[in-house]
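The structure file final_6.cif is reproduced below (mmCIF, C-alpha atoms).
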```cif
data_upload
#
loop_
_atom_site.label_atom_id
_atom_site.label_comp_id
_atom_site.auth_asym_id
_atom_site.auth_seq_id
_atom_site.Cartn_x
_atom_site.Cartn_y
_atom_site.Cartn_z
CA MET Z 768 0.00 0.00 0.00
CA THR Z 769 1.34 3.43 -0.91
CA ASN Z 770 0.96 6.43 1.36
CA THR Z 771 -0.11 9.28 -0.91
CA SER Z 772 -1.08 11.86 1.72
CA GLU Z 773 2.43 13.25 1.91
CA ARG Z 774 2.43 13.97 -1.80
CA THR Z 775 -0.60 16.20 -1.43
CA THR Z 776 1.30 18.30 1.12
CA GLY Z 777 4.28 18.69 -1.20
CA ALA Z 778 6.58 16.24 0.55
CA PRO Z 779 7.57 13.58 -2.01
CA LEU Z 780 8.22 10.20 -0.46
CA LEU Z 781 11.25 8.08 -1.36
CA SER Z 782 10.82 5.40 -3.99
CA SER Z 783 11.50 1.74 -3.23
CA VAL Z 784 14.72 1.94 -5.25
CA ARG Z 785 16.00 4.85 -3.17
CA MET Z 786 14.90 3.11 0.03
CA ALA Z 787 16.81 0.00 -1.03
CA HIS Z 788 19.84 2.22 -1.68
CA PHE Z 789 19.59 3.47 1.90
CA VAL Z 790 19.31 -0.08 3.25
CA ALA Z 791 22.43 -1.12 1.32
CA HIS Z 792 24.58 2.00 1.76
CA GLY Z 793 23.33 3.22 5.12
CA SER Z 794 22.94 6.78 3.90
CA LEU Z 795 20.94 9.01 1.58
CA ARG Z 796 22.29 12.28 0.17
CA LEU Z 797 20.19 15.26 -0.95
CA ASP Z 798 22.42 17.80 -2.66
CA ALA Z 799 21.72 21.55 -2.35
CA VAL Z 800 18.10 21.13 -1.25
CA VAL Z 801 18.26 24.08 1.16
CA PRO Z 802 17.98 27.44 -0.65
CA PRO Z 803 20.84 29.97 -0.45
CA GLU Z 804 18.96 32.47 1.72
CA MET Z 805 18.29 29.75 4.30
CA ASN Z 806 21.92 28.67 4.24
CA ALA Z 807 23.03 32.23 5.00
CA GLU Z 808 20.60 32.29 7.92
CA GLY Z 809 21.71 28.82 8.96
CA MET Z 810 25.34 29.89 9.26
CA GLU Z 811 24.33 32.55 11.77
CA VAL Z 812 22.01 30.21 13.67
CA LEU Z 813 24.67 27.52 13.99
CA ARG Z 814 27.32 30.06 14.96
CA ALA Z 815 25.08 31.29 17.80
CA GLY Z 816 24.25 27.73 18.89
CA ILE Z 817 20.96 25.82 19.20
CA PRO Z 818 19.67 25.08 22.73
CA GLU Z 819 19.39 21.45 23.78
CA VAL Z 820 15.98 19.80 23.87
CA PRO Z 821 14.75 17.06 26.24
CA TYR Z 822 15.28 13.54 24.96
CA GLY Z 823 12.20 12.16 23.23
CA SER Z 824 10.69 15.54 22.36
CA LEU Z 825 8.47 15.51 19.29
CA VAL Z 826 9.47 17.91 16.52
CA PRO Z 827 6.78 20.57 17.25
CA ALA Z 828 7.90 20.77 20.88
CA ALA Z 829 11.61 20.70 20.06
CA TYR Z 830 11.53 23.25 17.25
CA PRO Z 831 8.72 25.86 17.38
CA ALA Z 832 6.87 26.82 14.22
CA GLY Z 833 8.81 29.40 12.25
CA SER Z 834 12.17 28.53 13.80
CA PHE Z 835 15.08 27.84 11.48
CA VAL Z 836 15.28 24.12 12.30
CA ARG Z 837 11.53 23.65 11.90
CA ARG Z 838 11.63 25.32 8.48
CA LEU Z 839 14.59 23.14 7.53
CA LEU Z 840 12.62 20.02 8.40
CA GLU Z 841 9.58 21.27 6.50
CA LEU Z 842 11.41 21.61 3.18
CA PRO Z 843 9.58 19.16 0.89
CA SER Z 844 12.52 16.92 -0.01
CA VAL Z 845 13.73 16.80 3.60
CA ALA Z 846 10.25 16.17 5.02
CA GLY Z 847 9.54 13.44 2.45
CA ALA Z 848 12.80 11.61 3.11
CA LEU Z 849 12.37 11.82 6.88
CA ARG Z 850 8.78 10.55 6.64
CA SER Z 851 9.89 7.66 4.42
CA LEU Z 852 12.67 6.58 6.79
CA VAL Z 853 11.17 6.97 10.27
CA GLY Z 854 7.52 7.85 9.68
CA PRO Z 855 5.35 10.70 10.95
CA ASP Z 856 5.95 12.47 14.25
CA PRO Z 857 9.47 11.20 15.02
CA ALA Z 858 11.07 11.95 18.38
CA VAL Z 859 14.25 13.98 18.67
CA ASP Z 860 16.93 11.92 20.39
CA HIS Z 861 19.42 14.78 20.46
CA HIS Z 862 21.02 17.37 18.24
CA PHE Z 863 24.45 18.94 18.04
CA VAL Z 864 26.24 21.71 16.17
CA HIS Z 865 29.61 20.43 14.96
CA ILE Z 866 32.23 23.12 14.36
CA ARG Z 867 35.67 22.44 12.87
CA GLU Z 868 38.13 25.27 13.25
CA PRO Z 869 40.58 26.11 10.44
CA ARG Z 870 43.77 24.02 10.46
CA GLU Z 871 42.65 22.42 13.69
CA GLY Z 872 45.08 19.56 13.25
CA ARG Z 873 42.89 16.71 14.46
CA ALA Z 874 40.10 14.47 13.23
CA GLN Z 875 37.24 12.62 14.88
CA PRO Z 876 37.81 8.84 15.24
CA LEU Z 877 35.78 6.57 12.99
CA HIS Z 878 32.70 5.53 14.96
CA GLY Z 879 29.07 4.49 14.85
CA ASP Z 880 26.50 6.24 17.00
CA ALA Z 881 24.61 3.09 17.95
CA ILE Z 882 26.62 2.42 21.16
CA ILE Z 883 24.58 -0.66 22.19
CA ASP Z 884 21.78 -1.42 19.74
CA VAL Z 885 20.78 -4.90 18.65
CA ARG Z 886 17.61 -3.98 16.76
CA THR Z 887 17.23 -5.74 13.43
CA ASP Z 888 13.76 -4.46 12.53
CA ALA Z 889 14.06 -0.75 13.36
CA PHE Z 890 16.62 2.05 13.19
CA ASP Z 891 17.15 5.70 14.01
CA VAL Z 892 18.29 8.19 11.39
CA GLN Z 893 20.67 11.09 11.71
CA LEU Z 894 20.10 14.19 9.64
CA MET Z 895 23.29 16.08 8.80
CA TYR Z 896 22.93 19.58 7.37
CA TYR Z 897 25.80 21.42 5.67
CA PRO Z 898 25.04 25.16 5.26
CA GLN Z 899 28.17 25.94 3.24
CA ASP Z 900 30.15 24.45 0.38
CA VAL Z 901 32.39 21.70 1.75
CA THR Z 902 35.63 21.33 -0.19
CA LEU Z 903 38.12 18.50 0.05
CA ASP Z 904 40.59 20.52 2.11
CA MET Z 905 37.81 21.38 4.59
CA GLY Z 906 37.70 17.71 5.56
CA GLY Z 907 34.00 16.96 5.62
CA THR Z 908 32.36 13.85 7.04
CA LEU Z 909 34.00 10.50 6.34
CA ARG Z 910 31.54 7.64 5.78
CA VAL Z 911 32.09 3.92 5.24
CA PRO Z 912 29.22 2.75 3.01
CA GLY Z 913 27.59 -0.53 3.94
CA SER Z 914 28.96 -0.54 7.50
CA HIS Z 915 25.73 0.21 9.37
CA LEU Z 916 24.53 -3.37 9.92
CA ARG Z 917 27.85 -4.61 11.31
CA ARG Z 918 27.49 -4.52 15.08
CA THR Z 919 30.08 -2.39 16.84
CA ASN Z 920 30.16 -0.49 20.11
CA GLU Z 921 30.52 3.18 19.22
CA SER Z 922 34.29 3.77 18.85
CA ASP Z 923 35.45 0.15 18.40
CA THR Z 924 36.40 1.20 14.86
CA GLY Z 925 38.41 4.22 16.01
CA ARG Z 926 41.74 2.52 15.31
CA TYR Z 927 40.92 2.22 11.61
CA GLN Z 928 42.43 5.06 9.59
CA ASN Z 929 41.29 4.30 6.05
CA LEU Z 930 39.09 1.64 4.47
CA ARG Z 931 38.75 0.86 0.76
CA GLY Z 932 35.65 2.49 -0.68
CA GLN Z 933 35.24 5.06 2.08
CA SER Z 934 33.68 8.38 1.10
CA ARG Z 935 34.67 11.82 2.35
CA LEU Z 936 31.88 14.31 1.85
CA VAL Z 937 32.46 17.10 -0.64
CA CYS Z 938 29.19 18.90 -1.30
CA PRO Z 939 27.50 22.15 -2.27
CA ALA Z 940 25.91 24.41 0.33
CA GLY Z 941 22.48 23.30 1.49
CA THR Z 942 23.17 19.57 1.29
CA VAL Z 943 21.34 17.27 3.70
CA VAL Z 944 22.48 13.70 4.36
CA PHE Z 945 20.52 11.05 6.25
CA LEU Z 946 22.55 8.31 7.99
CA HIS Z 947 21.47 5.02 9.54
CA HIS Z 948 22.46 5.38 13.19
CA GLY Z 949 24.98 2.54 12.96
CA LEU Z 950 26.95 3.81 9.96
CA TRP Z 951 30.67 4.22 10.61
CA HIS Z 952 31.61 7.86 10.16
CA GLY Z 953 33.78 10.64 11.54
CA GLY Z 954 34.50 14.32 11.04
CA ARG Z 955 37.75 14.77 9.13
CA ARG Z 956 40.48 17.28 9.88
CA ASN Z 957 39.88 20.79 8.53
CA ASP Z 958 43.00 21.83 6.61
CA SER Z 959 41.42 24.95 5.12
CA ASP Z 960 41.28 28.55 6.33
CA VAL Z 961 37.49 28.40 6.71
CA VAL Z 962 35.42 27.39 9.74
CA ARG Z 963 33.31 24.34 8.87
CA PHE Z 964 29.78 23.94 10.24
CA MET Z 965 27.50 20.92 10.37
CA PHE Z 966 24.22 20.43 12.25
CA LYS Z 967 23.10 16.96 13.28
CA ILE Z 968 19.76 15.69 14.57
CA ARG Z 969 19.12 12.08 15.56
CA PHE Z 970 15.51 10.97 15.14
CA ASN Z 971 13.78 8.02 16.82
CA PRO Z 972 10.73 6.50 15.08
CA THR Z 973 7.44 6.52 16.96
CA VAL Z 974 5.63 4.19 14.53
CA ARG Z 975 6.51 0.84 13.03
CA GLN Z 976 8.88 1.34 10.12
CA ARG Z 977 6.91 -0.63 7.58
CA ARG Z 978 6.13 0.59 4.03
CA LEU Z 979 6.43 4.24 4.96
CA TRP Z 980 7.72 5.21 1.51
CA ASP Z 981 6.18 5.15 -1.98
CA THR Z 982 5.97 1.42 -2.68
CA THR Z 983 4.57 1.61 -6.22
CA ASP Z 984 7.94 0.44 -7.57
CA LEU Z 985 8.47 -2.32 -5.02
CA GLY Z 986 8.77 -4.90 -7.79
CA ASP Z 987 11.34 -2.91 -9.76
CA PRO Z 988 14.42 -5.12 -10.50
CA ARG Z 989 16.63 -2.24 -9.38
CA VAL Z 990 15.49 -2.85 -5.80
CA ALA Z 991 17.27 -6.20 -5.73
CA GLU Z 992 20.25 -4.68 -7.55
CA GLU Z 993 20.62 -2.01 -4.88
CA LEU Z 994 20.27 -4.52 -2.06
CA SER Z 995 22.95 -6.73 -3.65
CA THR Z 996 25.60 -3.98 -3.66
CA MET Z 997 29.01 -5.07 -2.38
CA PHE Z 998 31.66 -2.64 -1.13
CA PRO Z 999 35.46 -2.82 -1.55
CA TRP Z 1000 36.20 -3.11 2.16
CA TYR Z 1001 34.07 -6.23 2.64
CA GLU Z 1002 35.96 -9.43 3.40
CA PRO Z 1003 35.36 -12.27 0.91
CA ALA Z 1004 33.56 -14.42 3.48
CA THR Z 1005 32.37 -12.22 6.34
CA GLY Z 1006 31.20 -9.57 3.91
CA ARG Z 1007 28.45 -11.91 2.78
CA LEU Z 1008 26.80 -11.47 6.16
CA GLU Z 1009 26.01 -7.90 5.20
CA ILE Z 1010 23.72 -9.20 2.43
CA TYR Z 1011 22.06 -11.53 4.93
CA HIS Z 1012 21.34 -8.68 7.36
CA ARG Z 1013 20.03 -6.47 4.54
CA VAL Z 1014 17.52 -9.14 3.54
CA LEU Z 1015 16.29 -9.36 7.14
CA LEU Z 1016 15.92 -5.59 7.34
CA TRP Z 1017 14.13 -5.41 3.98
CA ARG Z 1018 11.74 -8.15 5.09
CA ALA Z 1019 10.97 -6.15 8.24
CA LEU Z 1020 10.49 -2.91 6.30
CA THR Z 1021 8.21 -4.44 3.66
CA GLY Z 1022 6.44 -7.10 5.72
CA ASP Z 1023 7.37 -9.65 3.06
CA ASP Z 1024 8.96 -12.60 4.85
CA SER Z 1025 9.47 -14.44 1.57
CA PHE Z 1026 11.82 -11.84 0.08
CA ASP Z 1027 15.34 -13.07 -0.56
CA LEU Z 1028 18.42 -12.47 -2.70
CA ASP Z 1029 19.78 -15.60 -4.36
CA HIS Z 1030 18.50 -17.85 -1.57
CA TRP Z 1031 20.81 -16.14 0.99
CA VAL Z 1032 18.45 -16.24 3.96
CA THR Z 1033 16.11 -19.03 2.87
CA ARG Z 1034 18.77 -21.74 2.94
CA VAL Z 1035 20.04 -20.89 6.44
CA SER Z 1036 16.59 -20.45 7.96
CA ASN Z 1037 15.41 -23.85 6.72
CA ARG Z 1038 14.28 -25.76 9.80
CA PRO Z 1039 11.72 -28.40 8.68
CA GLN Z 1040 9.39 -29.53 11.45
CA LYS Z 1041 8.03 -32.60 9.69
CA GLU Z 1042 9.12 -35.85 11.35
CA ALA Z 1043 10.88 -38.46 9.21
CA VAL Z 1044 8.98 -41.70 8.68
#
```
Kindly present the structure from the file in structure tokens form.
Amino acid sequence: MTNTSERTTGAPLLSSVRMAHFVAHGSLRLDAVVPPEMNAEGMEVLRAGIPEVPYGSLVPAAYPAGSFVRRLLELPSVAGALRSLVGPDPAVDHHFVHIREPREGRAQPLHGDAIIDVRTDAFDVQLMYYPQDVTLDMGGTLRVPGSHLRRTNESDTGRYQNLRGQSRLVCPAGTVVFLHHGLWHGGRRNDSDVVRFMFKIRFNPTVRQRRLWDTTDLGDPRVAEELSTMFPWYEPATGRLEIYHRVLLWRALTGDDSFDLDHWVTRVSNRPQKEAV
């Protein structure tokens, strides 16, 4: 079933192909979706700081109508993506303004924000907003695609310096990125002469994350292609487990317990109950 109500309010939902991309990569990037005048305002808002909000606050309570953050979340492409990933009325876990000073000389260790989280059928998302152009020498956010379903405890990955296939964000002003809460990432060193700003919000779902996006293309062959994506840092054997976990997550998100990719999950969940005669 497709939820069409969001389209009538101007918030386009994600397609199944884009949702499958998120499930495989652990992130979704929306380039330059915030208009220039809002980015100029955003720079001043982030420079001044954004007060903390109580854990579990719903968006209307956390960010009053007309406030900069509320208007950011109401941009159609942002609202549609957020609705597709966590559903209506998500709770705000926390937010933070990340500031990297020029030539600061240090980087954030590679980490996942899950800490202790063994959920296989639900996830939080982190919105990351970049109000200015981010160039390579400004560092940006390092991400390791496809790492989000590998269970780690926050900074267990901090000793890793570089992984094949990692991506360091270079983007135009007004870019918004959504991350699965478990994705390995870290703020890189700022080697430029410009202060770098990034605003992060972690959202908790308040509804079951099942078919929240536009499912009209659920049968598109590109869905399976996206879910089958392999990444250069995967080990030949252990890396296959990432496909297994993706299938389980896709089953939970779609409600289709028969979905599989090349028999990956079906063969290892085969437990016949019929007695031999």
Which neighbours of region 878-880 of chain Z fall inside 9 Å, counting only C-alpha atoms, when residues of the same chain fewer than 6 positions from it are skipped, and could you give them as an mmCIF file with C-alpha atoms, keeping the file's coordinate frame?
```
data_model
loop_
_atom_site.group_PDB
_atom_site.id
_atom_site.type_symbol
_atom_site.label_atom_id
_atom_site.label_comp_id
_atom_site.auth_asym_id
_atom_site.auth_seq_id
_atom_site.Cartn_x
_atom_site.Cartn_y
_atom_site.Cartn_z
ATOM 1 C CA SER Z 914 28.960 -0.540 7.500
ATOM 2 C CA HIS Z 915 25.730 0.210 9.370
ATOM 3 C CA THR Z 919 30.080 -2.390 16.840
ATOM 4 C CA ASN Z 920 30.160 -0.490 20.110
ATOM 5 C CA GLU Z 921 30.520 3.180 19.220
ATOM 6 C CA SER Z 922 34.290 3.770 18.850
ATOM 7 C CA ASP Z 923 35.450 0.150 18.400
ATOM 8 C CA THR Z 924 36.400 1.200 14.860
ATOM 9 C CA GLY Z 925 38.410 4.220 16.010
ATOM 10 C CA HIS Z 948 22.460 5.380 13.190
ATOM 11 C CA GLY Z 949 24.980 2.540 12.960
ATOM 12 C CA LEU Z 950 26.950 3.810 9.960
ATOM 13 C CA TRP Z 951 30.670 4.220 10.610
ATOM 14 C CA HIS Z 952 31.610 7.860 10.160
ATOM 15 C CA GLY Z 953 33.780 10.640 11.540
#
```
Q | the PyMOL selection byres ((chain Z and resi 827) around 12) applied to the shown file, residues as a PyMOL selection string | A | chain Z and resi 820+823-826+828-834+836-838+840-841+855-859
Write the residues of the preceding selection, restricted to C-alpha atoms, as an mmCIF file, keeping the file's coordinate frame.
```cif
data_model
loop_
_atom_site.group_PDB
_atom_site.id
_atom_site.type_symbol
_atom_site.label_atom_id
_atom_site.label_comp_id
_atom_site.auth_asym_id
_atom_site.auth_seq_id
_atom_site.Cartn_x
_atom_site.Cartn_y
_atom_site.Cartn_z
ATOM 1 C CA VAL Z 820 15.980 19.800 23.870
ATOM 2 C CA GLY Z 823 12.200 12.160 23.230
ATOM 3 C CA SER Z 824 10.690 15.540 22.360
ATOM 4 C CA LEU Z 825 8.470 15.510 19.290
ATOM 5 C CA VAL Z 826 9.470 17.910 16.520
ATOM 6 C CA ALA Z 828 7.900 20.770 20.880
ATOM 7 C CA ALA Z 829 11.610 20.700 20.060
ATOM 8 C CA TYR Z 830 11.530 23.250 17.250
ATOM 9 C CA PRO Z 831 8.720 25.860 17.380
ATOM 10 C CA ALA Z 832 6.870 26.820 14.220
ATOM 11 C CA GLY Z 833 8.810 29.400 12.250
ATOM 12 C CA SER Z 834 12.170 28.530 13.800
ATOM 13 C CA VAL Z 836 15.280 24.120 12.300
ATOM 14 C CA ARG Z 837 11.530 23.650 11.900
ATOM 15 C CA ARG Z 838 11.630 25.320 8.480
ATOM 16 C CA LEU Z 840 12.620 20.020 8.400
ATOM 17 C CA GLU Z 841 9.580 21.270 6.500
ATOM 18 C CA PRO Z 855 5.350 10.700 10.950
ATOM 19 C CA ASP Z 856 5.950 12.470 14.250
ATOM 20 C CA PRO Z 857 9.470 11.200 15.020
ATOM 21 C CA ALA Z 858 11.070 11.950 18.380
ATOM 22 C CA VAL Z 859 14.250 13.980 18.670
#
```
**Q.** Spatial neighbours of Leu1016 (chain Z), 8 Å, only C-alpha atoms, chain gap at least 3 places, as a PyMOL selection string
**A.** chain Z and resi 790+887-889+1012-1013+1019-1020
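Taking CA of Glu993 (chain Z) as the reference point, CA of Met786 (chain Z) is found at 9.1 Å.
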Q: Go through the shown structure with the PyMOL selection byres ((chain Z and resi 1027-1041) around 8) and write out the matching residues as a VMD selection string.
A: chain Z and resid 991 995 1010 to 1011 1014 to 1015 1025 to 1026 1042 to 1043
Could you please take those selected residues and save C-alpha atoms as an mmCIF file, in the frame of the given file?
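result.cif was written with the following content:
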```cif
data_model
loop_
_atom_site.group_PDB
_atom_site.id
_atom_site.type_symbol
_atom_site.label_atom_id
_atom_site.label_comp_id
_atom_site.auth_asym_id
_atom_site.auth_seq_id
_atom_site.Cartn_x
_atom_site.Cartn_y
_atom_site.Cartn_z
ATOM 1 C CA ALA Z 991 17.270 -6.200 -5.730
ATOM 2 C CA SER Z 995 22.950 -6.730 -3.650
ATOM 3 C CA ILE Z 1010 23.720 -9.200 2.430
ATOM 4 C CA TYR Z 1011 22.060 -11.530 4.930
ATOM 5 C CA VAL Z 1014 17.520 -9.140 3.540
ATOM 6 C CA LEU Z 1015 16.290 -9.360 7.140
ATOM 7 C CA SER Z 1025 9.470 -14.440 1.570
ATOM 8 C CA PHE Z 1026 11.820 -11.840 0.080
ATOM 9 C CA GLU Z 1042 9.120 -35.850 11.350
ATOM 10 C CA ALA Z 1043 10.880 -38.460 9.210
#
```
Q. For this file, the PyMOL selection byres ((chain Z and resi 947) around 9) selects which residues, as a PyMOL selection string?
A. chain Z and resi 789-790+792-795+890-893+915-916+945-946+948-950
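Separating CA of Gln899 (chain Z) from CA of Arg814 (chain Z) is a distance of 12.5 Å.
Proximity to Asp984 (chain Z) was assessed for Z:Leu849, Z:Ile866, Z:Val944, Z:Ala787 counting all atoms listed in the file; the smallest distance is recorded for Z:Ala787.
The gap separating CA of Val901 (chain Z) from CA of Ser782 (chain Z) is 27.6 Å, in Å to one decimal.
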